[in-house]
file start.cif (mmCIF, C-alpha atoms)
data_run
#
loop_
_atom_site.label_atom_id
_atom_site.label_comp_id
_atom_site.auth_asym_id
_atom_site.auth_seq_id
_atom_site.Cartn_x
_atom_site.Cartn_y
_atom_site.Cartn_z
CA MET T 1 -19.09 15.81 0.53
CA LYS T 2 -17.82 13.55 3.29
CA MET T 3 -14.05 13.58 3.86
CA PRO T 4 -12.59 10.17 3.01
CA ASP T 5 -11.09 8.07 5.81
CA PRO T 6 -7.30 8.46 6.33
CA LEU T 7 -6.35 5.16 4.66
CA SER T 8 -8.45 5.97 1.58
CA LEU T 9 -6.78 9.39 1.41
CA THR T 10 -3.36 7.74 1.54
CA PHE T 11 -4.17 5.16 -1.15
CA SER T 12 -5.72 7.86 -3.33
CA ALA T 13 -2.60 10.04 -3.00
CA LEU T 14 -0.39 7.07 -3.96
CA ALA T 15 -2.47 6.32 -7.08
CA ASN T 16 -0.35 8.61 -9.26
CA PRO T 17 3.15 7.98 -10.65
CA THR T 18 4.24 11.64 -10.32
CA ARG T 19 3.28 11.71 -6.64
CA ARG T 20 5.09 8.40 -6.03
CA ALA T 21 8.18 9.85 -7.79
CA ILE T 22 8.00 12.90 -5.51
CA LEU T 23 7.95 10.60 -2.48
CA ALA T 24 10.93 8.65 -3.87
CA ARG T 25 12.84 11.93 -4.18
CA LEU T 26 11.87 12.97 -0.63
CA ALA T 27 13.04 9.61 0.72
CA GLN T 28 16.54 10.96 -0.08
CA GLY T 29 15.93 14.07 2.06
CA GLU T 30 13.95 17.32 2.25
CA ALA T 31 13.50 19.35 -0.95
CA ILE T 32 11.97 22.61 -2.09
CA VAL T 33 9.22 22.81 -4.73
CA SER T 34 11.44 24.02 -7.59
CA ASP T 35 13.82 21.07 -7.05
CA LEU T 36 10.91 18.64 -6.91
CA ALA T 37 9.50 20.07 -10.16
CA LYS T 38 12.76 19.71 -12.14
CA PRO T 39 12.51 16.05 -13.27
CA PHE T 40 8.91 16.48 -14.44
CA ASP T 41 7.58 18.05 -17.58
CA ILE T 42 4.66 19.67 -15.76
CA SER T 43 3.86 23.17 -14.52
CA GLY T 44 4.66 24.60 -11.09
CA PRO T 45 0.95 24.81 -10.21
CA ALA T 46 0.52 21.13 -11.17
CA ILE T 47 3.39 20.17 -8.82
CA SER T 48 1.85 22.32 -6.07
CA LYS T 49 -1.44 20.49 -6.54
CA HIS T 50 0.30 17.11 -6.18
CA LEU T 51 2.07 18.35 -3.03
CA LYS T 52 -1.26 19.48 -1.59
CA VAL T 53 -2.70 15.97 -2.15
CA LEU T 54 0.33 14.37 -0.47
CA GLU T 55 0.11 16.84 2.42
CA THR T 56 -3.63 16.23 2.95
CA ALA T 57 -2.91 12.50 3.07
CA GLY T 58 -0.25 13.08 5.73
CA LEU T 59 2.47 11.68 3.46
CA ILE T 60 4.50 14.89 3.54
CA THR T 61 4.75 17.96 5.73
CA ARG T 62 5.95 21.40 4.64
CA GLY T 63 8.25 23.75 6.48
CA ARG T 64 7.00 27.06 7.87
CA ASP T 65 9.56 29.19 5.98
CA ALA T 66 7.19 31.30 3.84
CA GLN T 67 9.58 31.55 0.90
CA TRP T 68 10.87 27.99 0.64
CA ARG T 69 8.52 25.70 2.54
CA PRO T 70 10.73 22.61 2.13
CA CYS T 71 8.84 19.32 1.79
CA LYS T 72 9.57 16.38 4.03
CA LEU T 73 8.44 12.76 3.75
CA GLU T 74 6.33 11.48 6.66
CA PRO T 75 6.71 7.70 6.73
CA ALA T 76 3.98 7.14 9.37
CA ALA T 77 1.20 7.17 6.71
CA LEU T 78 3.10 4.50 4.76
CA LYS T 79 3.43 2.47 7.93
CA ASN T 80 -0.40 2.46 8.11
CA VAL T 81 -0.51 0.99 4.60
CA ASP T 82 1.97 -1.65 5.72
CA ALA T 83 -0.19 -2.48 8.76
CA TRP T 84 -3.22 -2.87 6.48
CA LEU T 85 -1.23 -5.14 4.13
CA ASP T 86 -0.28 -7.34 7.08
CA HIS T 87 -3.73 -8.98 7.00
CA TYR T 88 -3.03 -10.22 3.47
CA ARG T 89 0.67 -11.05 3.70
CA ALA T 90 -0.06 -14.61 4.89
CA LEU T 91 -2.19 -15.15 1.76
CA TRP T 92 0.48 -14.45 -0.83
CA GLU T 93 3.14 -16.13 1.27
CA ALA T 94 0.95 -19.26 1.45
CA ARG T 95 0.49 -19.08 -2.31
CA PHE T 96 4.24 -18.79 -2.95
CA ASP T 97 4.91 -21.63 -0.51
CA ARG T 98 2.56 -23.82 -2.53
CA LEU T 99 4.29 -22.78 -5.75
CA ASP T 100 7.66 -23.51 -4.18
CA GLU T 101 6.40 -26.91 -3.05
CA TYR T 102 5.10 -27.62 -6.54
CA LEU T 103 8.42 -26.61 -8.16
CA ARG T 104 10.37 -28.78 -5.74
CA GLY T 105 8.04 -31.64 -6.64
CA VAL T 106 8.60 -31.10 -10.36
CA GLN T 107 12.36 -30.86 -9.88
CA GLY T 108 12.27 -34.02 -7.75
CA LYS T 109 11.18 -35.94 -10.85
CA LYS T 110 14.74 -35.99 -12.25
CA PRO T 111 15.95 -32.44 -12.91
CA GLY T 112 15.82 -31.42 -16.56
CA GLU T 113 13.74 -34.45 -17.52
CA LYS T 114 11.01 -32.35 -19.08
CA ARG T 115 13.30 -30.05 -21.02
CA ARG T 116 15.45 -32.73 -22.64
CA LYS T 117 14.97 -32.77 -26.38
CA ARG T 118 14.12 -36.02 -27.99
CA LYS T 119 16.53 -37.08 -30.68
CA LYS T 120 14.89 -38.22 -33.84
CA MET C 1 -7.42 8.92 -21.92
CA LYS C 2 -4.27 6.99 -21.09
CA MET C 3 -4.74 3.84 -18.98
CA PRO C 4 -3.06 4.33 -15.58
CA ASP C 5 -0.03 2.17 -14.73
CA PRO C 6 -0.80 -1.06 -12.82
CA LEU C 7 0.39 0.23 -9.43
CA SER C 8 -1.74 3.39 -9.75
CA LEU C 9 -4.72 1.21 -10.66
CA THR C 10 -4.13 -0.90 -7.55
CA PHE C 11 -3.77 2.10 -5.21
CA SER C 12 -6.83 3.72 -6.75
CA ALA C 13 -8.90 0.55 -6.23
CA LEU C 14 -7.77 0.39 -2.58
CA ALA C 15 -8.78 4.03 -1.94
CA ASN C 16 -12.31 3.06 -0.92
CA PRO C 17 -13.46 1.48 2.37
CA THR C 18 -16.18 -0.64 0.71
CA ARG C 19 -13.69 -2.13 -1.73
CA ARG C 20 -11.24 -2.84 1.10
CA ALA C 21 -14.08 -4.51 3.07
CA ILE C 22 -14.85 -6.68 0.01
CA LEU C 23 -11.18 -7.76 -0.11
CA ALA C 24 -11.26 -8.54 3.63
CA ARG C 25 -14.29 -10.78 3.03
CA LEU C 26 -12.60 -12.50 0.07
CA ALA C 27 -9.50 -13.14 2.18
CA GLN C 28 -11.73 -15.68 3.98
CA GLY C 29 -12.57 -17.45 0.72
CA GLU C 30 -14.43 -17.07 -2.61
CA ALA C 31 -17.86 -15.45 -2.56
CA ILE C 32 -20.70 -14.63 -4.93
CA VAL C 33 -21.94 -11.08 -5.52
CA SER C 34 -25.12 -11.38 -3.44
CA ASP C 35 -23.09 -12.57 -0.41
CA LEU C 36 -20.59 -9.74 -0.87
CA ALA C 37 -23.42 -7.19 -1.05
CA LYS C 38 -25.11 -8.33 2.20
CA PRO C 39 -23.08 -6.35 4.78
CA PHE C 40 -23.37 -3.09 2.79
CA ASP C 41 -26.29 -0.73 2.53
CA ILE C 42 -25.70 -0.14 -1.17
CA SER C 43 -27.33 -1.35 -4.38
CA GLY C 44 -26.37 -4.42 -6.38
CA PRO C 45 -25.19 -2.27 -9.32
CA ALA C 46 -22.98 -0.26 -6.92
CA ILE C 47 -21.36 -3.49 -5.65
CA SER C 48 -20.89 -4.66 -9.26
CA LYS C 49 -19.14 -1.38 -10.04
CA HIS C 50 -16.78 -1.86 -7.08
CA LEU C 51 -16.06 -5.42 -8.22
CA LYS C 52 -15.27 -4.17 -11.72
CA VAL C 53 -12.73 -1.69 -10.27
CA LEU C 54 -11.11 -4.45 -8.19
CA GLU C 55 -11.06 -6.77 -11.22
CA THR C 56 -9.48 -4.14 -13.50
CA ALA C 57 -6.79 -3.59 -10.85
CA GLY C 58 -6.08 -7.34 -10.80
CA LEU C 59 -7.07 -7.57 -7.12
CA ILE C 60 -9.81 -10.10 -7.80
CA THR C 61 -10.75 -12.53 -10.54
CA ARG C 62 -14.24 -13.81 -11.31
CA GLY C 63 -15.31 -17.34 -12.16
CA ARG C 64 -16.62 -18.20 -15.59
CA ASP C 65 -19.92 -19.63 -14.34
CA ALA C 66 -22.35 -17.25 -16.09
CA GLN C 67 -24.92 -17.32 -13.29
CA TRP C 68 -22.72 -17.03 -10.18
CA ARG C 69 -19.32 -15.76 -11.23
CA PRO C 70 -17.73 -16.22 -7.76
CA CYS C 71 -15.12 -13.61 -6.81
CA LYS C 72 -11.65 -14.61 -5.69
CA LEU C 73 -8.93 -12.50 -4.12
CA GLU C 74 -5.69 -12.29 -6.11
CA PRO C 75 -2.91 -11.46 -3.64
CA ALA C 76 -0.25 -10.84 -6.32
CA ALA C 77 -1.37 -7.20 -6.81
CA LEU C 78 -1.04 -6.62 -3.07
CA LYS C 79 2.42 -8.16 -3.18
CA ASN C 80 3.36 -5.42 -5.70
CA VAL C 81 2.22 -2.79 -3.19
CA ASP C 82 4.36 -4.49 -0.57
CA ALA C 83 7.37 -4.47 -2.92
CA TRP C 84 6.85 -0.73 -3.52
CA LEU C 85 6.62 -0.11 0.26
CA ASP C 86 9.93 -1.93 0.73
CA HIS C 87 11.81 1.20 -0.43
CA TYR C 88 10.33 3.15 2.47
CA ARG C 89 10.32 0.51 5.21
CA ALA C 90 13.85 1.43 6.30
CA LEU C 91 12.73 5.06 6.77
CA TRP C 92 10.00 4.45 9.33
CA GLU C 93 12.00 1.72 11.02
CA ALA C 94 14.90 4.19 11.41
CA ARG C 95 12.45 6.76 12.80
CA PHE C 96 11.04 4.30 15.34
CA ASP C 97 14.55 3.22 16.31
CA ARG C 98 15.37 6.86 17.06
CA LEU C 99 12.17 7.24 19.08
CA ASP C 100 12.99 4.06 20.99
CA GLU C 101 16.49 5.37 21.66
CA TYR C 102 15.05 8.68 22.86
CA LEU C 103 12.54 6.96 25.16
CA ARG C 104 15.27 4.77 26.64
CA GLY C 105 17.29 7.93 27.22
CA VAL C 106 14.38 9.64 28.99
CA GLN C 107 13.68 6.56 31.10
CA GLY C 108 17.36 6.39 32.00
CA LYS C 109 16.99 9.73 33.77
CA LYS C 110 15.15 8.23 36.76
CA PRO C 111 11.72 6.90 35.69
CA GLY C 112 8.78 9.16 36.61
CA GLU C 113 11.06 12.10 37.48
CA LYS C 114 9.31 14.43 35.07
CA ARG C 115 5.77 13.52 36.13
CA ARG C 116 6.20 14.07 39.88
CA LYS C 117 4.06 16.93 41.06
CA ARG C 118 5.68 19.66 43.10
CA LYS C 119 4.13 20.15 46.52
CA LYS C 120 3.39 23.74 47.42
#

call {"tool": "encode", "arguments": {"input": "start.cif", "output": "structure tokens"}}
result
Amino acid sequence: MKMPDPLSLTFSALANPTRRAILARLAQGEAIVSDLAKPFDISGPAISKHLKVLETAGLITRGRDAQWRPCKLEPAALKNVDAWLDHYRALWEARFDRLDEYLRGVQGKKPGEKRRKRKK
Amino acid sequence: MKMPDPLSLTFSALANPTRRAILARLAQGEAIVSDLAKPFDISGPAISKHLKVLETAGLITRGRDAQWRPCKLEPAALKNVDAWLDHYRALWEARFDRLDEYLRGVQGKKPGEKRRKRKK
């Protein structure tokens, strides 16, 4: 089977809430496996499998200390996701600009006009 | 099987180069399936499957016209990815700031000093 391209590997690794929670923890600083496993109700081997996926995607690296192998976040892979998103940023910004323009237009027609209740 | 959370669905949909190429095409404007299939050496059903994944992830919507059903990019799902990345942006920016600082430091020590070859 062909190895996926790096960006696909990154997106695939991020497509799991446990792995994203591990990254959020590592954003606070390095951690060892047992500490990373604590907040989750899953087995040690399951955590190790998630770490392997994150490591293959270049999102984390692991220390060489055979006993502890602390995990460390590698933000460069996330920066690649950000660079990919850049091509689309203008699209949603344009959309929100149009929404903003529309809302200003609506508000221009006497604020609160539409919400005022008619008295019978 | 439990339905994945929306962000996992989005990341999972993005973890494929063909699907990302489809989004890049749709960033230029709406398109029908046969036009989307053209640049790829894959079957119509395979394209339809990719479109279904993108649609389930909220990355595209499809028109109601039964015959054509044009596809349209929905940038809101990508905006959610951007919002998630926001938590990490400071990390790689800090790292690049440190690199920049280091490089300025190195350059401060007489540019080219380290690369000069010793003459025997």

call {"tool": "closest_atom_pairs", "arguments": {"input": "start.cif", "of": "chain T", "to": "chain C", "cutoff": "10 Å", "atoms": "all atoms listed in the file", "output": "CSV"}}
result
residue,atom,partner,partner_atom,distance
T:Pro4,CA,C:Asn16,CA,8.1
T:Asp5,CA,C:Pro17,CA,7.8
T:Pro6,CA,C:Ala15,CA,9.5
T:Leu7,CA,C:Ala15,CA,7.1
T:Ser8,CA,C:Ala15,CA,4.0
T:Leu9,CA,C:Ala15,CA,6.6
T:Thr10,CA,C:Ala15,CA,7.4
T:Phe11,CA,C:Ala15,CA,4.8
T:Ser12,CA,C:Ala15,CA,5.1
T:Ala13,CA,C:Phe11,CA,8.3
T:Leu14,CA,C:Phe11,CA,6.1
T:Ala15,CA,C:Ser8,CA,4.0
T:Asn16,CA,C:Ser8,CA,5.4
T:Pro17,CA,C:Ser8,CA,6.8
T:Arg20,CA,C:Ser8,CA,9.3
T:Leu23,CA,C:Tyr88,CA,9.3
T:Ala24,CA,C:His87,CA,8.3
T:Ala27,CA,C:Tyr88,CA,7.2
T:Gln28,CA,C:Leu91,CA,9.8
T:Leu73,CA,C:Leu91,CA,9.3
T:Glu74,CA,C:Trp92,CA,8.4
T:Pro75,CA,C:Trp92,CA,5.3
T:Ala76,CA,C:Trp92,CA,6.6
T:Ala77,CA,C:Trp92,CA,9.6
T:Leu78,CA,C:Leu85,CA,7.3
T:Lys79,CA,C:Trp92,CA,7.0
T:Val81,CA,C:Leu85,CA,8.4
T:Asp82,CA,C:Asp82,CA,7.3
T:Trp84,CA,C:Arg20,CA,9.7
T:Leu85,CA,C:Asp82,CA,7.3
T:Asp86,CA,C:Asp82,CA,9.4
T:His87,CA,C:Ala24,CA,8.3
T:Tyr88,CA,C:Ala27,CA,7.2
T:Arg89,CA,C:Lys79,CA,7.7
T:Ala90,CA,C:Pro75,CA,9.5
T:Leu91,CA,C:Pro75,CA,6.6
T:Trp92,CA,C:Pro75,CA,5.3
T:Glu93,CA,C:Pro75,CA,9.1
T:Arg95,CA,C:Pro75,CA,8.4
T:Phe96,CA,C:Ala76,CA,9.7

call {"tool": "axis_aligned_box", "arguments": {"input": "start.cif", "around": "region 13-17 of chain C", "padding_each_side": "4 Å", "output": "AutoDock Vina command-line options"}}
result
--center_x -10.6 --center_y 2.2 --center_z -1.9 --size_x 13.7 --size_y 11.6 --size_z 16.6

call {"tool": "resolve_selection", "arguments": {"input": "start.cif", "expression": "the PyMOL selection byres ((chain C and resi 32-37) around 6)", "output": "JSON, numbers by chain"}}
result
{"C": [31, 38, 39, 40, 70, 71]}

call {"tool": "atom_distance", "arguments": {"input": "start.cif", "atom1": "CA of Arg69 (chain C)", "atom2": "CA of Lys2 (chain C)"}}
result
29.0 Å

call {"tool": "atom_distance", "arguments": {"input": "start.cif", "atom1": "CA of Val53 (chain C)", "atom2": "CA of Ala83 (chain T)"}}
result
22.8 Å
